[in-house]
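Heads up: the structure comes next, in structure tokens.
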2 protein chains.
Amino acid sequence: MMQRFSENPLLTPSDIVPTVPGLVCECLLNPGAFAYGGRVGLLLRVAERPTPEDGWVSTPVLDPACAGGMRILRVRKDDADLVEGDPRVFHYKGRPYLTTLSHLRLAWSDDGVHFTVEDKPLLLGEGAYETFGIEDCRVEFSEGLYWLTYTAVSASGVAVGMISTADWKSFTRHGLIFPPHNKDCALFPEKIAGAYWALHRPSGMGIGGNYIWLARSPDRLHWGGHTCLAATRPGHWDSERVGGGAAPIRTERGWLAIYHGSDENVRYCLGLLLLDLNDPRRVLARSERPILEPEADYERRGFLGDVVFTNGHLVRGDDLTMYYGASDTVICAARTSVSHLLSTLP
Amino acid sequence: MMQRFSENPLLTPSDIVPTVPGLVCECLLNPGAFAYGGRVGLLLRVAERPTPEDGWVSTPVLDPACAGGMRILRVRKDDADLVEGDPRVFHYKGRPYLTTLSHLRLAWSDDGVHFTVEDKPLLLGEGAYETFGIEDCRVEFSEGLYWLTYTAVSASGVAVGMISTADWKSFTRHGLIFPPHNKDCALFPEKIAGAYWALHRPSGMGIGGNYIWLARSPDRLHWGGHTCLAATRPGHWDSERVGGGAAPIRTERGWLAIYHGSDENVRYCLGLLLLDLNDPRRVLARSERPILEPEADYERRGFLGDVVFTNGHLVRGDDLTMYYGASDTVICAARTSVSHLLSTLP
């Protein structure tokens with residue numbers, strides 16, 4: 001169904017030059033994908049942590065005053081002000097810290113297969129809502145600009161930020177377009193019925209769950225008209241959480257959206273939603289079975305095994321190249337055709 | 001500081017005529033307050049359940065085809081398709097149900113003290129996002145219309161819906177203005193810097209918490225520019241959750257917002273936030289101590305004891321009458337002055 005690139009994985013943590021000395025790339029994840037200047041760009045999520053040292057807990061901390069925009073916070077394990085939590089979090093002097101910090105970094109390719117990663121971050125977390133980093137960026141080109149929607153992480157919560165750029169050199173920050181808890185935001189590539197539209201993934205507490213929602217906007221900055229497109233399905237491969245991938249693809253049958261779903265074993269697969277062309281609130285079809293599931297060794301083993309997760313693809317005519325993160329560790333790609341994907345839907 | 005009405009509680013569940021025979025009002029909660037036609041209106045949240053029967057589990061279910069808009073679902077306790085959860089929830093044939101259902105009902109008063117409750121609901125939950133009812137409605141009069149912002153509850157989650165009315169007879173439904181998980185939405189009474197503004201209360205998952213956020217809008221329908229105004233304060237009376245009350249009040253020192261906070265014992269008190277008049281994203285002051293805490297017997301004992309919660313008040317000059325729910329069971333009021341509240345802030 002999806003044909004994995006024989007060159008997979010295309011990029012691994014060893015391809016990453018650390019942002020500052022003393023850091024190491026722990027996970028390379030979930031790239032946004034776009035075309036620019038005749039090349040293919042991937043906007044990688046790079047998760048870094050300090051090289052472990054016996055007797056110390058440490059983490060990268062964003063600090064614009066430091067070279068590279070980061071410094072390393074080191075705390076002795078016997079420090080009375082340290083409270084260790086699960087492996088991803090600790091508290092020091094009453095403040096929470098994540099043990100890794102994610103930023104967004106560019107990789108470029110002439111053939112869409114062989115990528116060169118830039119030596120420095122493109123975008124670091126900035127301001128009060130990104131103190132724990134920025135993650136999983138979708139890139140959509142529309143009306144002359146690239147629109148970046150990404151997960152902004154801070155002590156205030158996990159929310160969706162937006163940045164635009166024309167040239168990948170200067171950037172306009174638009175703040176948070178969805179409040180916590182929200183992620184997996186993908187803009188549609190064009191207006192529908194006079195409005196902008198986006199998939200997003202809020203989370204329920206007690207009632208509801210990790211479902212895919214749709215919102216509309218007059219200006220991409222302010223969002224409303226929220227409707228729930230796809231809930232989890234008990235007993236299915238997408239029983240625990242679902243979330244949108246990159247921008248839905250216009251096809252003759254409707255808007256084709258690739259989404260991820262995970263089950264109670266935290267196994268992440270990919271499937272399809274088909275939405276009405278003129279009213280994307282109408283779901284026309286949904287995959288019964290995954291279109292891609294973790295089977296290759298690099299998808300089954302890693303920082304978090306049994307994960308395939310996509311938030312970037314490129315479409316040329318009927319050809320679709322999907323870039324994806326595997327096992328939260330490496331960057332891969334697979335190809336298929338839009339017509340084939342449509343043929344799998346009822 | 002706040003002077004409780006000697007007539008408290010003003011309304012109790014026994015004042016409620018059940019929506020359909022066989023129901024009983026379990027809780028009377030958290031009224032929105034407004035002035036209309038020379039009278040004071042309260043928009044009550046009425047939570048109903050069927051009269052308990054040995055050997056049966058039952059709940060009200062919204063059904064527009066039935067008289068009163070509701071029917072009662074009764075399931076034998078030994079039914080193989082029944083899965084009972086905590087006292088508020090059960091599952092039947094794989095679908096979740098709440099054991100109570102809330103609607104909004106009007107009560108009217110000439111003096112703001114003695115209220116007569118209408119015999120029938122004003123607004124029932126409607127459509128896919130209100131199947132488990134509507135709750136805790138704020139009412140704000142602006143530009144010739146009353147704007148109702150309320151909690152919409154369904155299997156898709158807990159979100160914020162909006163309805164407008166000019167005459168309390170015909171209503172326009174505007175759908176969900178904030179996606180799950182969100183509640184405690186209060187519109188500001190006027191535009192600031194060319195935009196509409198609202199307090200809202202999203203919730204974090206893992207990172208973040210139950211914090212008060214601010215959003216802006218060009219049209220009240222689409223919201224963005226999200227900023228976090230007030231987080232919980234460890235060791236304080238508002239250590240676990242905070243949420244906005246009714247519309248912030250314009251004062252010479254800034255926008256005065258009454259909010260609720262609860263601690264680890266689920267004890268709900270009320271406090272104040274003061275926001276910059278021209279840029280409400282700027283928090284100028286916040287109560288160190290509550291302005292009202294559960295002390296009266298009717299605030300300490302009930303369906304959920306130790307709760308005072310407000311989402312409705314009326315301001316006439318310097319006089320402020322605050323209506324509030326006590327112990328999730330009865331409706332009360334207290335009076336104070338705006339100048340006194342301001343004097344309590346640093």
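By convention in this document, the chains of the structure tokens carry letters A, B, ... by their order, each chain's residues are numbered from 1, and ligands are numbered from 1 in the order they are shown.
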
Please list as a PDB file with N, CA and C atoms, in the first residue's frame every residue within 9 Å of Asp318 in chain B, counting only C-alpha atoms and excluding residues in the same chain fewer than 4 positions away.
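So the final result, stored in selection-v5.pdb, reads:
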```
ATOM      1  N   THR B 336     -21.864  43.824  48.168  1.00  0.00           N
ATOM      2  CA  THR B 336     -20.673  44.552  48.566  1.00  0.00           C
ATOM      3  C   THR B 336     -20.605  45.768  47.654  1.00  0.00           C
ATOM      4  N   SER B 337     -19.494  46.474  47.689  1.00  0.00           N
ATOM      5  CA  SER B 337     -19.336  47.583  46.751  1.00  0.00           C
ATOM      6  C   SER B 337     -18.066  47.359  45.942  1.00  0.00           C
ATOM      7  N   VAL B 338     -18.084  47.897  44.727  1.00  0.00           N
ATOM      8  CA  VAL B 338     -16.912  47.792  43.870  1.00  0.00           C
ATOM      9  C   VAL B 338     -15.715  48.455  44.543  1.00  0.00           C
ATOM     10  N   SER B 339     -15.968  49.619  45.160  1.00  0.00           N
ATOM     11  CA  SER B 339     -14.845  50.337  45.780  1.00  0.00           C
ATOM     12  C   SER B 339     -14.264  49.529  46.939  1.00  0.00           C
ATOM     13  N   HIS B 340     -15.131  48.829  47.671  1.00  0.00           N
ATOM     14  CA  HIS B 340     -14.600  48.002  48.748  1.00  0.00           C
ATOM     15  C   HIS B 340     -13.749  46.859  48.192  1.00  0.00           C
TER      16      HIS B 340
END
```

Mind checking which residues fall within 7 Å of Pro189 in chain A, counting only C-alpha atoms, ignoring those fewer than 5 positions away in the same chain, and posting them as a ChimeraX atom specification? /A:140-142,247

So that I have them on file, write out the residues from the current selection with N, CA, C and O atoms, as a PDB file, in the first residue's frame.
```pdb
ATOM      1  N   GLU A 140       2.438  24.568   5.712  1.00  0.00           N
ATOM      2  CA  GLU A 140       1.506  24.650   4.595  1.00  0.00           C
ATOM      3  C   GLU A 140       1.773  25.938   3.824  1.00  0.00           C
ATOM      4  O   GLU A 140       1.891  27.008   4.413  1.00  0.00           O
ATOM      5  N   PHE A 141       1.901  25.830   2.489  1.00  0.00           N
ATOM      6  CA  PHE A 141       2.126  27.000   1.649  1.00  0.00           C
ATOM      7  C   PHE A 141       0.791  27.488   1.127  1.00  0.00           C
ATOM      8  O   PHE A 141       0.020  26.726   0.536  1.00  0.00           O
ATOM      9  N   SER A 142       0.511  28.768   1.358  1.00  0.00           N
ATOM     10  CA  SER A 142      -0.787  29.306   0.970  1.00  0.00           C
ATOM     11  C   SER A 142      -0.677  30.814   0.864  1.00  0.00           C
ATOM     12  O   SER A 142      -0.120  31.474   1.743  1.00  0.00           O
ATOM     13  N   ALA A 247      -1.408  18.915   6.001  1.00  0.00           N
ATOM     14  CA  ALA A 247      -2.599  19.500   5.386  1.00  0.00           C
ATOM     15  C   ALA A 247      -3.378  18.463   4.573  1.00  0.00           C
ATOM     16  O   ALA A 247      -2.788  17.682   3.821  1.00  0.00           O
TER      17      ALA A 247
END
```

Would you mind listing, for every residue of chain A within 6 Å of chain B, the two atoms forming the shortest contact and the distance between them in Å to one decimal, using only C-alpha atoms, sorted by chain and ascending residue number, as CSV?
```
residue,atom,partner,partner_atom,distance
A:Ala155,CA,B:Gly208,CA,5.2
A:Ser156,CA,B:Gly208,CA,4.5
A:Gly157,CA,B:Gly208,CA,3.8
A:Leu176,CA,B:His226,CA,5.5
A:Ile177,CA,B:Gly224,CA,5.1
A:Pro180,CA,B:Gly204,CA,5.7
A:His181,CA,B:Gly204,CA,5.1
A:Pro202,CA,B:Pro180,CA,6.0
A:Gly204,CA,B:His181,CA,5.2
A:Ile207,CA,B:Gly157,CA,5.0
A:Gly208,CA,B:Gly157,CA,3.8
A:Leu221,CA,B:Gly224,CA,5.7
A:His222,CA,B:Gly224,CA,4.2
A:Trp223,CA,B:His222,CA,4.3
A:Gly224,CA,B:His222,CA,4.2
A:Gly225,CA,B:Leu176,CA,5.8
A:His226,CA,B:Leu176,CA,5.5
```

Okay, now the selection with C-alpha atoms, as an mmCIF file, in the first residue's frame?
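Resulting contents of selection-v4.cif:
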```cif
data_model
loop_
_atom_site.group_PDB
_atom_site.id
_atom_site.type_symbol
_atom_site.label_atom_id
_atom_site.label_comp_id
_atom_site.auth_asym_id
_atom_site.auth_seq_id
_atom_site.Cartn_x
_atom_site.Cartn_y
_atom_site.Cartn_z
ATOM 1 C CA ALA A 155 4.399 25.278 32.300
ATOM 2 C CA SER A 156 1.155 26.915 31.118
ATOM 3 C CA GLY A 157 0.356 23.815 29.070
ATOM 4 C CA LEU A 176 -1.138 30.771 20.238
ATOM 5 C CA ILE A 177 -4.036 30.004 17.917
ATOM 6 C CA PRO A 180 -4.225 24.054 25.940
ATOM 7 C CA HIS A 181 -4.530 21.135 25.692
ATOM 8 C CA PRO A 202 -7.934 19.109 21.789
ATOM 9 C CA GLY A 204 -11.098 15.793 26.923
ATOM 10 C CA ILE A 207 -15.597 13.081 29.294
ATOM 11 C CA GLY A 208 -14.428 13.077 25.677
ATOM 12 C CA LEU A 221 -5.593 33.907 13.836
ATOM 13 C CA HIS A 222 -9.023 33.483 15.419
ATOM 14 C CA TRP A 223 -10.812 30.124 15.369
ATOM 15 C CA GLY A 224 -14.359 28.970 16.006
ATOM 16 C CA GLY A 225 -17.159 26.762 14.687
ATOM 17 C CA HIS A 226 -15.593 23.784 16.406
#
```

Ala186 in chain B environment, 6 Å, only C-alpha atoms, sequence neighbours closer than 6 positions dropped, as a ChimeraX atom specification: /B:198-199,246-247

What is the CA of Glu293 in chain B-CA of Asn265 in chain B distance in Å, reported with one decimal? 13.3 Å

Just the residues within 12 Å of Thr344 in chain B, please, counting only C-alpha atoms, with nothing from its chain fewer than 3 positions along; format it as a ChimeraX atom specification. /B:1-2,256,271-274,285-291,336-341

Export, as a short mmCIF file (atom, residue, chain, number, x, y, z; two decimals), in the first residue's frame, the selected residues with all heavy atoms.
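Result saved to result-v4.cif:
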```cif
data_model
loop_
_atom_site.label_atom_id
_atom_site.label_comp_id
_atom_site.auth_asym_id
_atom_site.auth_seq_id
_atom_site.Cartn_x
_atom_site.Cartn_y
_atom_site.Cartn_z
N MET B 1 -16.73 41.68 54.55
CA MET B 1 -16.28 42.04 53.19
C MET B 1 -17.45 41.89 52.21
O MET B 1 -17.93 42.85 51.64
CB MET B 1 -15.14 41.11 52.79
CG MET B 1 -14.57 41.42 51.42
SD MET B 1 -13.15 40.37 51.03
CE MET B 1 -11.84 41.17 51.95
N MET B 2 -17.98 40.65 52.09
CA MET B 2 -19.21 40.43 51.33
C MET B 2 -20.31 40.20 52.37
O MET B 2 -20.14 39.40 53.29
CB MET B 2 -19.10 39.18 50.45
CG MET B 2 -17.93 39.14 49.49
SD MET B 2 -18.19 40.11 47.98
CE MET B 2 -19.40 39.12 47.12
N LEU B 256 -12.19 44.56 36.85
CA LEU B 256 -12.25 43.78 38.08
C LEU B 256 -12.99 42.47 37.79
O LEU B 256 -14.16 42.49 37.39
CB LEU B 256 -12.99 44.57 39.16
CG LEU B 256 -13.06 43.93 40.55
CD1 LEU B 256 -11.68 43.83 41.18
CD2 LEU B 256 -14.00 44.74 41.45
N GLY B 271 -12.17 34.97 44.68
CA GLY B 271 -11.15 36.01 44.78
C GLY B 271 -11.25 36.97 43.62
O GLY B 271 -12.19 36.90 42.82
N LEU B 272 -10.29 37.86 43.51
CA LEU B 272 -10.33 38.94 42.52
C LEU B 272 -9.07 38.98 41.66
O LEU B 272 -7.97 38.71 42.14
CB LEU B 272 -10.44 40.30 43.24
CG LEU B 272 -11.63 40.51 44.15
CD1 LEU B 272 -11.45 41.82 44.93
CD2 LEU B 272 -12.92 40.54 43.35
N LEU B 273 -9.27 39.34 40.41
CA LEU B 273 -8.18 39.71 39.51
C LEU B 273 -8.45 41.13 39.03
O LEU B 273 -9.60 41.48 38.75
CB LEU B 273 -8.14 38.80 38.28
CG LEU B 273 -7.57 37.40 38.42
CD1 LEU B 273 -7.81 36.63 37.13
CD2 LEU B 273 -6.08 37.46 38.74
N LEU B 274 -7.41 41.93 38.91
CA LEU B 274 -7.55 43.27 38.35
C LEU B 274 -6.69 43.33 37.09
O LEU B 274 -5.49 43.06 37.12
CB LEU B 274 -7.10 44.32 39.36
CG LEU B 274 -7.36 45.78 38.97
CD1 LEU B 274 -8.86 46.07 38.92
CD2 LEU B 274 -6.67 46.73 39.96
N ALA B 285 -3.31 43.09 39.67
CA ALA B 285 -3.38 42.67 41.07
C ALA B 285 -4.22 41.39 41.17
O ALA B 285 -5.02 41.08 40.27
CB ALA B 285 -4.00 43.77 41.93
N ARG B 286 -4.02 40.67 42.27
CA ARG B 286 -4.77 39.43 42.51
C ARG B 286 -4.93 39.25 44.01
O ARG B 286 -4.01 39.56 44.78
CB ARG B 286 -3.99 38.25 41.91
CG ARG B 286 -4.65 36.90 42.09
CD ARG B 286 -3.89 35.84 41.31
NE ARG B 286 -4.44 34.51 41.53
CZ ARG B 286 -3.99 33.40 40.97
NH1 ARG B 286 -2.95 33.46 40.14
NH2 ARG B 286 -4.54 32.23 41.22
N SER B 287 -6.08 38.75 44.40
CA SER B 287 -6.35 38.57 45.83
C SER B 287 -5.39 37.58 46.46
O SER B 287 -5.21 36.47 45.96
CB SER B 287 -7.78 38.04 46.04
OG SER B 287 -8.74 38.95 45.64
N GLU B 288 -4.82 37.99 47.58
CA GLU B 288 -4.06 37.03 48.37
C GLU B 288 -5.01 36.11 49.15
O GLU B 288 -4.80 34.91 49.23
CB GLU B 288 -3.14 37.77 49.35
CG GLU B 288 -1.80 38.17 48.77
CD GLU B 288 -0.99 36.97 48.31
OE1 GLU B 288 -0.79 36.04 49.11
OE2 GLU B 288 -0.55 36.97 47.15
N ARG B 289 -6.06 36.72 49.72
CA ARG B 289 -7.04 35.99 50.53
C ARG B 289 -8.37 36.00 49.79
O ARG B 289 -8.65 36.90 49.01
CB ARG B 289 -7.22 36.69 51.88
CG ARG B 289 -5.94 36.98 52.64
CD ARG B 289 -5.50 35.79 53.46
NE ARG B 289 -6.63 35.22 54.19
CZ ARG B 289 -6.72 33.94 54.54
NH1 ARG B 289 -5.76 33.10 54.21
NH2 ARG B 289 -7.76 33.48 55.20
N PRO B 290 -9.24 35.01 50.04
CA PRO B 290 -10.56 35.01 49.39
C PRO B 290 -11.39 36.21 49.80
O PRO B 290 -11.24 36.73 50.91
CB PRO B 290 -11.21 33.72 49.90
CG PRO B 290 -10.10 32.88 50.40
CD PRO B 290 -9.04 33.82 50.89
N ILE B 291 -12.28 36.64 48.89
CA ILE B 291 -13.28 37.65 49.26
C ILE B 291 -14.54 36.97 49.80
O ILE B 291 -15.36 37.62 50.45
CB ILE B 291 -13.65 38.56 48.07
CG1 ILE B 291 -14.21 37.75 46.90
CG2 ILE B 291 -12.46 39.40 47.65
CD1 ILE B 291 -14.97 38.59 45.89
N THR B 336 -21.86 43.82 48.17
CA THR B 336 -20.67 44.55 48.57
C THR B 336 -20.60 45.77 47.65
O THR B 336 -21.57 46.07 46.95
CB THR B 336 -19.41 43.67 48.45
OG1 THR B 336 -18.27 44.40 48.94
CG2 THR B 336 -19.15 43.26 47.01
N SER B 337 -19.49 46.47 47.69
CA SER B 337 -19.34 47.58 46.75
C SER B 337 -18.07 47.36 45.94
O SER B 337 -17.12 46.71 46.40
CB SER B 337 -19.26 48.92 47.50
OG SER B 337 -18.06 49.00 48.24
N VAL B 338 -18.08 47.90 44.73
CA VAL B 338 -16.91 47.79 43.87
C VAL B 338 -15.72 48.45 44.54
O VAL B 338 -14.60 47.92 44.55
CB VAL B 338 -17.20 48.42 42.49
CG1 VAL B 338 -15.94 48.49 41.65
CG2 VAL B 338 -18.30 47.64 41.77
N SER B 339 -15.97 49.62 45.16
CA SER B 339 -14.84 50.34 45.78
C SER B 339 -14.26 49.53 46.94
O SER B 339 -13.05 49.52 47.15
CB SER B 339 -15.29 51.72 46.25
OG SER B 339 -16.41 51.61 47.11
N HIS B 340 -15.13 48.83 47.67
CA HIS B 340 -14.60 48.00 48.75
C HIS B 340 -13.75 46.86 48.19
O HIS B 340 -12.66 46.58 48.70
CB HIS B 340 -15.72 47.44 49.61
CG HIS B 340 -15.20 46.47 50.63
ND1 HIS B 340 -14.45 46.88 51.71
CD2 HIS B 340 -15.27 45.11 50.70
CE1 HIS B 340 -14.09 45.83 52.42
NE2 HIS B 340 -14.58 44.74 51.82
N LEU B 341 -14.25 46.20 47.15
CA LEU B 341 -13.46 45.11 46.56
C LEU B 341 -12.10 45.63 46.10
O LEU B 341 -11.06 45.00 46.35
CB LEU B 341 -14.22 44.47 45.40
CG LEU B 341 -15.48 43.68 45.76
CD1 LEU B 341 -16.13 43.10 44.51
CD2 LEU B 341 -15.19 42.56 46.78
#
```
